[in-house]
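A.B. asks: This is my_file_14.cif (mmCIF, C-alpha atoms).
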```cif
data_model
#
loop_
_atom_site.label_atom_id
_atom_site.label_comp_id
_atom_site.auth_asym_id
_atom_site.auth_seq_id
_atom_site.Cartn_x
_atom_site.Cartn_y
_atom_site.Cartn_z
CA MET A 1 -14.08 -13.02 -31.88
CA SER A 2 -14.33 -9.70 -30.07
CA VAL A 3 -16.29 -9.16 -26.86
CA SER A 4 -16.42 -5.64 -25.38
CA GLY A 5 -13.39 -4.60 -27.38
CA ARG A 6 -11.23 -7.50 -26.12
CA THR A 7 -10.11 -10.42 -28.22
CA PHE A 8 -10.55 -13.91 -26.81
CA LEU A 9 -9.07 -17.13 -28.13
CA ALA A 10 -11.18 -20.24 -28.51
CA GLY A 11 -10.89 -22.71 -25.65
CA ALA A 12 -8.62 -25.20 -27.42
CA ALA A 13 -6.28 -22.53 -28.77
CA CYS A 14 -6.14 -20.87 -25.37
CA ALA A 15 -5.24 -24.17 -23.73
CA LEU A 16 -2.43 -24.73 -26.25
CA LEU A 17 -1.14 -21.22 -25.67
CA ALA A 18 -1.17 -21.73 -21.89
CA ALA A 19 0.71 -25.01 -22.26
CA GLY A 20 3.29 -23.38 -24.48
CA LEU A 21 3.78 -20.49 -22.09
CA GLN A 22 4.18 -22.86 -19.15
CA LEU A 23 6.91 -24.69 -21.02
CA ALA A 24 8.57 -21.40 -21.92
CA ALA A 25 8.41 -20.31 -18.30
CA ALA A 26 10.07 -23.53 -17.18
CA GLN A 27 12.82 -22.86 -19.72
CA GLY A 28 13.15 -19.20 -18.68
CA LYS A 29 12.14 -17.98 -22.14
CA ILE A 30 8.94 -16.00 -21.57
CA SER A 31 9.08 -12.78 -23.58
CA VAL A 32 7.31 -9.49 -23.12
CA GLU A 33 5.08 -10.36 -26.05
CA ASP A 34 4.09 -13.62 -24.37
CA LEU A 35 3.19 -11.69 -21.23
CA LYS A 36 1.17 -9.18 -23.24
CA ILE A 37 -0.88 -11.97 -24.83
CA ARG A 38 -1.65 -13.40 -21.41
CA ALA A 39 -2.33 -9.98 -19.89
CA GLU A 40 -4.73 -9.02 -22.68
CA ALA A 41 -6.56 -12.32 -22.04
CA GLY A 42 -7.03 -11.33 -18.39
CA ASP A 43 -4.15 -13.15 -16.68
CA LYS A 44 -3.49 -11.04 -13.57
CA THR A 45 -0.10 -12.63 -12.88
CA ALA A 46 1.15 -11.75 -16.34
CA THR A 47 -0.32 -8.25 -16.06
CA ARG A 48 1.53 -7.67 -12.80
CA GLN A 49 4.78 -8.97 -14.30
CA LEU A 50 4.42 -6.55 -17.18
CA ALA A 51 3.53 -3.61 -14.97
CA ASP A 52 6.42 -4.25 -12.61
CA ALA A 53 8.87 -4.84 -15.45
CA TYR A 54 8.04 -1.53 -17.15
CA TYR A 55 7.90 0.37 -13.85
CA LEU A 56 11.29 -0.88 -12.66
CA GLY A 57 12.98 -1.39 -16.03
CA ARG A 58 13.75 -5.07 -15.63
CA ASP A 59 13.22 -8.47 -17.25
CA GLY A 60 14.68 -7.27 -20.52
CA VAL A 61 12.60 -4.11 -20.98
CA GLU A 62 13.51 -0.48 -20.60
CA GLN A 63 11.80 1.55 -17.90
CA ASN A 64 8.63 2.99 -19.36
CA PHE A 65 6.19 4.62 -16.96
CA ALA A 66 3.53 5.07 -19.63
CA GLU A 67 3.45 1.31 -20.30
CA ALA A 68 3.61 0.60 -16.57
CA ALA A 69 0.63 2.89 -15.98
CA ARG A 70 -1.30 1.13 -18.73
CA TRP A 71 -0.93 -2.27 -17.07
CA PHE A 72 -1.29 -1.05 -13.49
CA LEU A 73 -4.53 0.68 -14.50
CA LYS A 74 -5.79 -2.58 -16.00
CA LEU A 75 -5.03 -4.37 -12.74
CA ALA A 76 -6.57 -1.59 -10.68
CA GLN A 77 -9.79 -1.84 -12.67
CA GLN A 78 -9.83 -5.56 -11.83
CA GLY A 79 -9.79 -4.73 -8.13
CA ASP A 80 -6.10 -5.26 -7.37
CA VAL A 81 -5.39 -3.19 -4.24
CA ARG A 82 -1.65 -2.88 -4.77
CA ALA A 83 -2.19 -1.71 -8.34
CA GLN A 84 -4.82 0.79 -7.18
CA THR A 85 -2.31 2.22 -4.71
CA THR A 86 0.44 2.34 -7.32
CA ILE A 87 -1.63 3.99 -10.05
CA GLY A 88 -2.82 6.49 -7.45
CA LEU A 89 0.81 7.35 -6.76
CA MET A 90 1.55 7.61 -10.49
CA TYR A 91 -1.28 10.09 -10.99
CA ALA A 92 -0.06 12.06 -7.97
CA ARG A 93 3.50 12.24 -9.31
CA GLY A 94 2.78 12.36 -13.04
CA TYR A 95 4.62 9.11 -13.72
CA GLY A 96 3.55 7.90 -17.16
CA VAL A 97 0.23 9.77 -16.93
CA LYS A 98 -0.75 13.39 -16.69
CA LYS A 99 -0.47 14.55 -13.10
CA ALA A 100 -4.03 14.70 -11.78
CA PRO A 101 -5.13 14.86 -8.13
CA GLN A 102 -8.68 13.61 -8.63
CA PRO A 103 -7.90 10.17 -10.12
CA SER A 104 -4.98 9.87 -7.73
CA HIS A 105 -7.24 10.33 -4.74
CA TYR A 106 -9.94 8.12 -6.25
CA TRP A 107 -7.65 5.12 -6.61
CA ARG A 108 -6.05 5.61 -3.20
CA ARG A 109 -9.45 5.81 -1.51
CA LEU A 110 -10.66 2.72 -3.38
CA ALA A 111 -7.62 0.76 -2.22
CA ALA A 112 -8.06 1.91 1.38
CA ALA A 113 -11.76 0.96 1.28
CA ALA A 114 -10.66 -2.64 0.72
CA ASN A 115 -9.36 -2.54 4.32
CA HIS A 116 -5.76 -3.00 3.21
CA PRO A 117 -3.46 -1.52 5.89
CA GLY A 118 -0.79 -0.36 3.43
CA ALA A 119 -3.40 1.45 1.36
CA GLN A 120 -4.93 3.00 4.48
CA TYR A 121 -1.48 4.19 5.56
CA ASN A 122 -0.82 5.72 2.13
CA LEU A 123 -4.18 7.48 2.17
CA GLY A 124 -3.32 8.83 5.62
CA LEU A 125 -0.11 10.28 4.21
CA THR A 126 -2.12 11.86 1.40
CA TYR A 127 -4.31 13.72 3.88
CA ALA A 128 -1.44 14.60 6.22
CA ASN A 129 0.65 16.07 3.40
CA GLY A 130 -2.21 17.61 1.41
CA ASP A 131 -1.06 15.54 -1.56
CA GLY A 132 -3.75 16.16 -4.17
CA VAL A 133 -6.37 16.91 -1.52
CA ALA A 134 -6.90 19.56 1.12
CA GLN A 135 -4.67 18.87 4.11
CA ASP A 136 -6.79 17.19 6.74
CA TYR A 137 -5.11 15.81 9.87
CA SER A 138 -8.40 14.45 11.18
CA GLN A 139 -8.76 12.22 8.12
CA ALA A 140 -5.08 11.36 8.34
CA ALA A 141 -5.54 10.21 11.94
CA GLN A 142 -8.54 8.07 11.00
CA CYS A 143 -6.67 6.38 8.15
CA HIS A 144 -3.53 5.82 10.20
CA GLY A 145 -5.70 4.55 13.05
CA ARG A 146 -7.30 1.86 10.88
CA ALA A 147 -3.91 0.79 9.53
CA ALA A 148 -2.35 0.88 13.00
CA GLN A 149 -5.00 -1.47 14.36
CA ARG A 150 -4.06 -3.86 11.56
CA THR A 151 -0.39 -3.86 12.68
CA HIS A 152 1.02 -1.40 10.13
CA VAL A 153 4.15 -0.19 11.94
CA GLN A 154 4.66 3.14 10.12
CA ALA A 155 0.99 3.97 10.65
CA GLN A 156 1.38 3.24 14.35
CA PHE A 157 4.33 5.60 14.56
CA ASN A 158 2.55 8.33 12.59
CA LEU A 159 -0.59 8.00 14.70
CA GLY A 160 1.53 8.36 17.82
CA MET A 161 3.10 11.53 16.45
CA LEU A 162 -0.34 12.97 15.67
CA TYR A 163 -1.33 12.39 19.30
CA HIS A 164 1.96 13.91 20.41
CA GLU A 165 1.44 17.04 18.31
CA GLY A 166 -2.33 17.24 18.72
CA LYS A 167 -2.96 17.20 14.98
CA GLY A 168 -6.35 15.81 13.96
CA VAL A 169 -6.81 14.39 17.45
CA THR A 170 -6.76 15.76 20.99
CA GLN A 171 -3.19 15.98 22.22
CA ASP A 172 -2.57 13.01 24.49
CA PRO A 173 0.94 12.06 25.66
CA VAL A 174 -0.16 8.63 26.90
CA ARG A 175 -1.75 7.68 23.55
CA ALA A 176 1.25 9.10 21.74
CA TYR A 177 3.70 7.07 23.81
CA TYR A 178 1.45 4.00 23.57
CA TRP A 179 1.34 3.86 19.77
CA ILE A 180 4.99 4.71 19.33
CA LYS A 181 5.85 2.04 21.91
CA VAL A 182 3.79 -0.49 19.92
CA ALA A 183 5.80 0.41 16.82
CA SER A 184 8.99 0.16 18.83
CA LEU A 185 8.11 -3.32 20.11
CA GLN A 186 7.82 -4.40 16.46
CA GLY A 187 11.34 -3.25 15.66
CA ASP A 188 10.93 0.34 14.48
CA GLU A 189 14.25 1.97 15.35
CA LEU A 190 13.00 5.51 14.83
CA ALA A 191 10.19 4.77 17.28
CA GLN A 192 12.71 3.62 19.87
CA ASP A 193 14.60 6.91 19.63
CA THR A 194 11.40 8.98 19.64
CA LEU A 195 10.15 7.36 22.86
CA LYS A 196 13.01 8.91 24.79
CA LYS A 197 12.09 12.40 23.59
CA ILE A 198 8.37 12.00 24.27
CA GLY A 199 8.96 10.32 27.61
CA ALA A 200 11.08 13.25 28.80
CA GLY A 201 7.91 15.33 29.17
CA MET A 202 5.81 12.65 30.87
CA SER A 203 5.43 11.51 34.45
CA PRO A 204 6.65 8.02 35.44
CA GLU A 205 3.02 6.97 35.99
CA GLN A 206 2.01 8.08 32.48
CA ILE A 207 4.90 6.10 30.99
CA ARG A 208 4.01 2.98 33.00
CA GLN A 209 0.39 3.27 31.87
CA ALA A 210 1.34 3.63 28.20
CA GLU A 211 3.86 0.80 28.32
CA ALA A 212 1.36 -1.55 29.99
CA GLN A 213 -1.20 -0.79 27.27
CA ALA A 214 1.37 -1.35 24.53
CA ASP A 215 2.48 -4.68 26.03
CA GLU A 216 -1.15 -5.79 26.22
CA TRP A 217 -1.77 -4.82 22.59
CA ILE A 218 1.23 -6.84 21.46
CA ARG A 219 0.10 -9.89 23.48
CA LYS A 220 -3.36 -9.75 21.92
CA MET A 221 -1.93 -9.46 18.42
CA LYS A 222 0.34 -12.46 18.98
CA LYS A 223 -2.69 -14.51 20.01
CA VAL A 224 -4.60 -13.41 16.91
CA VAL A 225 -1.82 -14.41 14.51
CA GLY A 226 -0.96 -17.53 16.50
CA LYS A 227 2.58 -16.57 17.41
#
```
Written as structure tokens, that's how I'd like the structure from this file.
C.D. replies:
Amino acid sequence: MSVSGRTFLAGAACALLAAGLQLAAAQGKISVEDLKIRAEAGDKTATRQLADAYYLGRDGVEQNFAEAARWFLKLAQQGDVRAQTTIGLMYARGYGVKKAPQPSHYWRRLAAAANHPGAQYNLGLTYANGDGVAQDYSQAAQCHGRAAQRTHVQAQFNLGMLYHEGKGVTQDPVRAYYWIKVASLQGDELAQDTLKKIGAGMSPEQIRQAEAQADEWIRKMKKVVGK
């Protein structure tokens, strides 16, 4: 029986298939064809396994970006944020699909709209680098800012550098030092080295102010996550 171009198994047959696949999984025997059957039936876990396998060339299949794009696109259309980010990258780079800036930007923006910090960071990079869109440091700062507030370390570092360079935001050494210090406190080694360079052009009072703000931000975040 076909519904909207997709084939669905009857309930009993689907249950038998699921039971068989569970047994095969326990025995380490799931094949690509088994995954395709599950993916076509809407199983997101199987779809992700297929997409990752073709993208990376693992689990007994050769790397095939076209097949990877097919399954990532299916996931993206189901609202999977990671898949939306990945298919956006594939359109930007021409991996398995024709290189096209518009769909690339569409999928990256959709992922970022889901308030996912990694997607917001990636969208910030898109604007900062002019990758498929007009270069826009103001938009980059906004995207990195949202991701930074949600503890994305690379976004924190990038936001600090935008404040340091005055790109997309008003140049502000205290805000620059503050965000890079926050990234540093979370283990970013590049941030630790960069602080020395930025701090060389600041007064001791400015550094104390920025460090106090960074320490307070870290304390608040630890309370939020219960650490």
A.B. asks: As JSON, please report the centre and edge lengths, rounded to one decimal in Å, of the axis-aligned box that holds all listed atoms of stretch 184-196 of chain A with 6 Å of padding on each of the six sides.
C.D. replies:
```
{"center_x": 11.2, "center_y": 2.3, "center_z": 19.6, "size_x": 18.8, "size_y": 25.4, "size_z": 22.3}
```
A.B. asks: Under the PyMOL selection byres ((chain A and resi 98-104) around 12), which residues of this model are included? Write them out as a PDB file with C-alpha atoms, in the coordinates of the input.
C.D. replies:
```pdb
ATOM      1  CA  PHE A  65       6.190   4.620 -16.960  1.00  0.00           C
ATOM      2  CA  ALA A  66       3.530   5.070 -19.630  1.00  0.00           C
ATOM      3  CA  ALA A  69       0.630   2.890 -15.980  1.00  0.00           C
ATOM      4  CA  LEU A  73      -4.530   0.680 -14.500  1.00  0.00           C
ATOM      5  CA  ALA A  76      -6.570  -1.590 -10.680  1.00  0.00           C
ATOM      6  CA  ALA A  83      -2.190  -1.710  -8.340  1.00  0.00           C
ATOM      7  CA  GLN A  84      -4.820   0.790  -7.180  1.00  0.00           C
ATOM      8  CA  THR A  85      -2.310   2.220  -4.710  1.00  0.00           C
ATOM      9  CA  THR A  86       0.440   2.340  -7.320  1.00  0.00           C
ATOM     10  CA  ILE A  87      -1.630   3.990 -10.050  1.00  0.00           C
ATOM     11  CA  GLY A  88      -2.820   6.490  -7.450  1.00  0.00           C
ATOM     12  CA  LEU A  89       0.810   7.350  -6.760  1.00  0.00           C
ATOM     13  CA  MET A  90       1.550   7.610 -10.490  1.00  0.00           C
ATOM     14  CA  TYR A  91      -1.280  10.090 -10.990  1.00  0.00           C
ATOM     15  CA  ALA A  92      -0.060  12.060  -7.970  1.00  0.00           C
ATOM     16  CA  ARG A  93       3.500  12.240  -9.310  1.00  0.00           C
ATOM     17  CA  GLY A  94       2.780  12.360 -13.040  1.00  0.00           C
ATOM     18  CA  TYR A  95       4.620   9.110 -13.720  1.00  0.00           C
ATOM     19  CA  GLY A  96       3.550   7.900 -17.160  1.00  0.00           C
ATOM     20  CA  VAL A  97       0.230   9.770 -16.930  1.00  0.00           C
ATOM     21  CA  HIS A 105      -7.240  10.330  -4.740  1.00  0.00           C
ATOM     22  CA  TYR A 106      -9.940   8.120  -6.250  1.00  0.00           C
ATOM     23  CA  TRP A 107      -7.650   5.120  -6.610  1.00  0.00           C
ATOM     24  CA  ARG A 108      -6.050   5.610  -3.200  1.00  0.00           C
ATOM     25  CA  ARG A 109      -9.450   5.810  -1.510  1.00  0.00           C
ATOM     26  CA  LEU A 110     -10.660   2.720  -3.380  1.00  0.00           C
ATOM     27  CA  ALA A 111      -7.620   0.760  -2.220  1.00  0.00           C
ATOM     28  CA  ASN A 122      -0.820   5.720   2.130  1.00  0.00           C
ATOM     29  CA  LEU A 123      -4.180   7.480   2.170  1.00  0.00           C
ATOM     30  CA  THR A 126      -2.120  11.860   1.400  1.00  0.00           C
ATOM     31  CA  GLY A 130      -2.210  17.610   1.410  1.00  0.00           C
ATOM     32  CA  ASP A 131      -1.060  15.540  -1.560  1.00  0.00           C
ATOM     33  CA  GLY A 132      -3.750  16.160  -4.170  1.00  0.00           C
ATOM     34  CA  VAL A 133      -6.370  16.910  -1.520  1.00  0.00           C
ATOM     35  CA  ALA A 134      -6.900  19.560   1.120  1.00  0.00           C
TER      36      ALA A 134
END
```
A.B. asks: Just say which residues the PyMOL selection byres ((chain A and resi 152) around 10) picks in this file, as a VMD selection string.
C.D. replies: chain A and resid 116 to 118 120 to 121 144 to 151 153 to 157 183 186
A.B. asks: So what does the PyMOL selection byres ((chain A and resi 176) around 8) actually pick up in this one, as a PyMOL selection string?
C.D. replies: chain A and resi 159-164+172-175+177-180
A.B. asks: Select all residues near (2.1, 1.1, 24.3) (cut-off 6 Å, inclusive, file coordinates), counting only C-alpha atoms, and output them as a ChimeraX atom specification.
C.D. replies: /A:178-179,181-182,210-211,213-214
A.B. asks: Tell me, as an MDAnalysis selection string, which residues lie within 7 Å of A:Trp71, counting all atoms listed in the file; anything in the same chain fewer than 3 positions away does not count.
C.D. replies: chainID A and resid 47 50:51 67:68 74:75
A.B. asks: Can you measure atom CA of A:Gly168 to atom CA of A:Arg219 for me? One decimal in Å is fine.
C.D. replies: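 Straight-line distance from atom CA of A:Gly168 to atom CA of A:Arg219 works out to 28.2 Å.
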A.B. asks: To one decimal place, how far is atom CA of A:Gln63 from atom CA of A:Asp34 in Å?
C.D. replies: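 According to the coordinates, atom CA of A:Gln63 and atom CA of A:Asp34 are separated by 18.2 Å.
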A.B. asks: How many Å separate atom CA of A:Glu189 from atom CA of A:Ala114?
C.D. replies: 29.3 Å
A.B. asks: Please determine, counting only C-alpha atoms, which residue among A:Glu165, A:Leu185, A:Asn115, A:Asp52 has the shortest atom-to-atom distance to A:Trp217.
C.D. replies: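 Closest residue, counting only C-alpha atoms: A:Leu185.
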A.B. asks: Residues near A:Gln49, anyone? I mean within 12 Å using all atoms listed in the file, not counting same-chain ones fewer than 5 positions away, as a list in words.
C.D. replies: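 Here the qualifying residues turn out to be Ile30, Ser31, Val32, Glu33, Asp34, Leu35, Lys36, Arg38, Ala39, Asp43, Lys44, Tyr54, Tyr55, Leu56, Gly57, Arg58, Asp59, Gly60, Val61, Glu67, Ala68, Trp71, Phe72, Leu75 and Ala83 of chain A.
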A.B. asks: Using only C-alpha atoms for the distances, tell me which of A:Gln171, A:Gln78, A:Arg70, A:Tyr127 is nearest to A:Gly42.
C.D. replies: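 Closest residue, counting only C-alpha atoms: A:Gln78.
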A.B. asks: In terms of the shortest atom-to-atom distance over only C-alpha atoms, which of A:Asn64, A:Asn158, A:Arg208, A:Lys223 is closest to A:Ala191?
C.D. replies: A:Asn158
A.B. asks: For stretch 193-224 of chain A, which lacks atoms in the input, supply N, CA and C atoms and format the output as a PDB file, keeping the file's coordinate frame.
C.D. replies:
```
ATOM      1  N   ASP A 193      13.943   5.626  19.315  1.00  0.00           N
ATOM      2  CA  ASP A 193      14.600   6.910  19.630  1.00  0.00           C
ATOM      3  C   ASP A 193      13.583   7.974  20.037  1.00  0.00           C
ATOM      4  N   THR A 194      12.426   7.966  19.382  1.00  0.00           N
ATOM      5  CA  THR A 194      11.400   8.980  19.640  1.00  0.00           C
ATOM      6  C   THR A 194      10.803   8.825  21.036  1.00  0.00           C
ATOM      7  N   LEU A 195      10.720   7.593  21.526  1.00  0.00           N
ATOM      8  CA  LEU A 195      10.150   7.360  22.860  1.00  0.00           C
ATOM      9  C   LEU A 195      10.907   8.134  23.931  1.00  0.00           C
ATOM     10  N   LYS A 196      12.215   8.201  23.793  1.00  0.00           N
ATOM     11  CA  LYS A 196      13.010   8.910  24.790  1.00  0.00           C
ATOM     12  C   LYS A 196      12.640  10.398  24.831  1.00  0.00           C
ATOM     13  N   LYS A 197      12.426  10.981  23.663  1.00  0.00           N
ATOM     14  CA  LYS A 197      12.090  12.400  23.590  1.00  0.00           C
ATOM     15  C   LYS A 197      10.694  12.661  24.157  1.00  0.00           C
ATOM     16  N   ILE A 198       9.735  11.804  23.776  1.00  0.00           N
ATOM     17  CA  ILE A 198       8.370  12.000  24.270  1.00  0.00           C
ATOM     18  C   ILE A 198       8.298  11.726  25.769  1.00  0.00           C
ATOM     19  N   GLY A 199       8.991  10.684  26.195  1.00  0.00           N
ATOM     20  CA  GLY A 199       8.960  10.320  27.610  1.00  0.00           C
ATOM     21  C   GLY A 199       9.559  11.359  28.524  1.00  0.00           C
ATOM     22  N   ALA A 200      10.441  12.211  27.975  1.00  0.00           N
ATOM     23  CA  ALA A 200      11.080  13.250  28.800  1.00  0.00           C
ATOM     24  C   ALA A 200      10.064  14.232  29.360  1.00  0.00           C
ATOM     25  N   GLY A 201       8.923  14.374  28.706  1.00  0.00           N
ATOM     26  CA  GLY A 201       7.910  15.330  29.170  1.00  0.00           C
ATOM     27  C   GLY A 201       6.741  14.667  29.871  1.00  0.00           C
ATOM     28  N   MET A 202       6.899  13.390  30.237  1.00  0.00           N
ATOM     29  CA  MET A 202       5.810  12.650  30.870  1.00  0.00           C
ATOM     30  C   MET A 202       6.193  12.241  32.286  1.00  0.00           C
ATOM     31  N   SER A 203       5.182  11.987  33.091  1.00  0.00           N
ATOM     32  CA  SER A 203       5.430  11.510  34.450  1.00  0.00           C
ATOM     33  C   SER A 203       5.716  10.002  34.400  1.00  0.00           C
ATOM     34  N   PRO A 204       6.398   9.464  35.404  1.00  0.00           N
ATOM     35  CA  PRO A 204       6.650   8.020  35.440  1.00  0.00           C
ATOM     36  C   PRO A 204       5.356   7.209  35.371  1.00  0.00           C
ATOM     37  N   GLU A 205       4.298   7.681  36.013  1.00  0.00           N
ATOM     38  CA  GLU A 205       3.020   6.970  35.990  1.00  0.00           C
ATOM     39  C   GLU A 205       2.425   6.941  34.583  1.00  0.00           C
ATOM     40  N   GLN A 206       2.513   8.050  33.858  1.00  0.00           N
ATOM     41  CA  GLN A 206       2.010   8.080  32.480  1.00  0.00           C
ATOM     42  C   GLN A 206       2.774   7.082  31.606  1.00  0.00           C
ATOM     43  N   ILE A 207       4.076   7.027  31.775  1.00  0.00           N
ATOM     44  CA  ILE A 207       4.900   6.100  30.990  1.00  0.00           C
ATOM     45  C   ILE A 207       4.540   4.654  31.329  1.00  0.00           C
ATOM     46  N   ARG A 208       4.385   4.348  32.606  1.00  0.00           N
ATOM     47  CA  ARG A 208       4.010   2.980  33.000  1.00  0.00           C
ATOM     48  C   ARG A 208       2.663   2.596  32.407  1.00  0.00           C
ATOM     49  N   GLN A 209       1.714   3.531  32.423  1.00  0.00           N
ATOM     50  CA  GLN A 209       0.390   3.270  31.870  1.00  0.00           C
ATOM     51  C   GLN A 209       0.464   2.973  30.371  1.00  0.00           C
ATOM     52  N   ALA A 210       1.206   3.807  29.641  1.00  0.00           N
ATOM     53  CA  ALA A 210       1.340   3.630  28.200  1.00  0.00           C
ATOM     54  C   ALA A 210       2.059   2.338  27.849  1.00  0.00           C
ATOM     55  N   GLU A 211       3.099   2.022  28.600  1.00  0.00           N
ATOM     56  CA  GLU A 211       3.860   0.800  28.320  1.00  0.00           C
ATOM     57  C   GLU A 211       3.028  -0.448  28.617  1.00  0.00           C
ATOM     58  N   ALA A 212       2.233  -0.407  29.667  1.00  0.00           N
ATOM     59  CA  ALA A 212       1.360  -1.550  29.990  1.00  0.00           C
ATOM     60  C   ALA A 212       0.335  -1.763  28.876  1.00  0.00           C
ATOM     61  N   GLN A 213      -0.226  -0.680  28.357  1.00  0.00           N
ATOM     62  CA  GLN A 213      -1.200  -0.790  27.270  1.00  0.00           C
ATOM     63  C   GLN A 213      -0.550  -1.339  25.999  1.00  0.00           C
ATOM     64  N   ALA A 214       0.655  -0.884  25.721  1.00  0.00           N
ATOM     65  CA  ALA A 214       1.370  -1.350  24.530  1.00  0.00           C
ATOM     66  C   ALA A 214       1.701  -2.838  24.644  1.00  0.00           C
ATOM     67  N   ASP A 215       2.164  -3.264  25.816  1.00  0.00           N
ATOM     68  CA  ASP A 215       2.480  -4.680  26.030  1.00  0.00           C
ATOM     69  C   ASP A 215       1.232  -5.547  25.858  1.00  0.00           C
ATOM     70  N   GLU A 216       0.097  -5.045  26.358  1.00  0.00           N
ATOM     71  CA  GLU A 216      -1.150  -5.790  26.220  1.00  0.00           C
ATOM     72  C   GLU A 216      -1.578  -5.887  24.765  1.00  0.00           C
ATOM     73  N   TRP A 217      -1.405  -4.798  24.017  1.00  0.00           N
ATOM     74  CA  TRP A 217      -1.770  -4.820  22.590  1.00  0.00           C
ATOM     75  C   TRP A 217      -0.945  -5.850  21.843  1.00  0.00           C
ATOM     76  N   ILE A 218       0.348  -5.888  22.119  1.00  0.00           N
ATOM     77  CA  ILE A 218       1.230  -6.840  21.460  1.00  0.00           C
ATOM     78  C   ILE A 218       0.841  -8.279  21.813  1.00  0.00           C
ATOM     79  N   ARG A 219       0.525  -8.528  23.074  1.00  0.00           N
ATOM     80  CA  ARG A 219       0.100  -9.890  23.480  1.00  0.00           C
ATOM     81  C   ARG A 219      -1.157 -10.322  22.750  1.00  0.00           C
ATOM     82  N   LYS A 220      -2.128  -9.415  22.623  1.00  0.00           N
ATOM     83  CA  LYS A 220      -3.360  -9.750  21.920  1.00  0.00           C
ATOM     84  C   LYS A 220      -3.102 -10.047  20.445  1.00  0.00           C
ATOM     85  N   MET A 221      -2.234  -9.245  19.835  1.00  0.00           N
ATOM     86  CA  MET A 221      -1.930  -9.460  18.420  1.00  0.00           C
ATOM     87  C   MET A 221      -1.226 -10.795  18.195  1.00  0.00           C
ATOM     88  N   LYS A 222      -0.352 -11.173  19.115  1.00  0.00           N
ATOM     89  CA  LYS A 222       0.340 -12.460  18.980  1.00  0.00           C
ATOM     90  C   LYS A 222      -0.643 -13.613  19.075  1.00  0.00           C
ATOM     91  N   LYS A 223      -1.659 -13.458  19.911  1.00  0.00           N
ATOM     92  CA  LYS A 223      -2.690 -14.510  20.010  1.00  0.00           C
ATOM     93  C   LYS A 223      -3.493 -14.602  18.724  1.00  0.00           C
ATOM     94  N   VAL A 224      -3.791 -13.441  18.144  1.00  0.00           N
ATOM     95  CA  VAL A 224      -4.600 -13.410  16.910  1.00  0.00           C
ATOM     96  C   VAL A 224      -3.887 -14.115  15.770  1.00  0.00           C
TER      97      VAL A 224
END
```
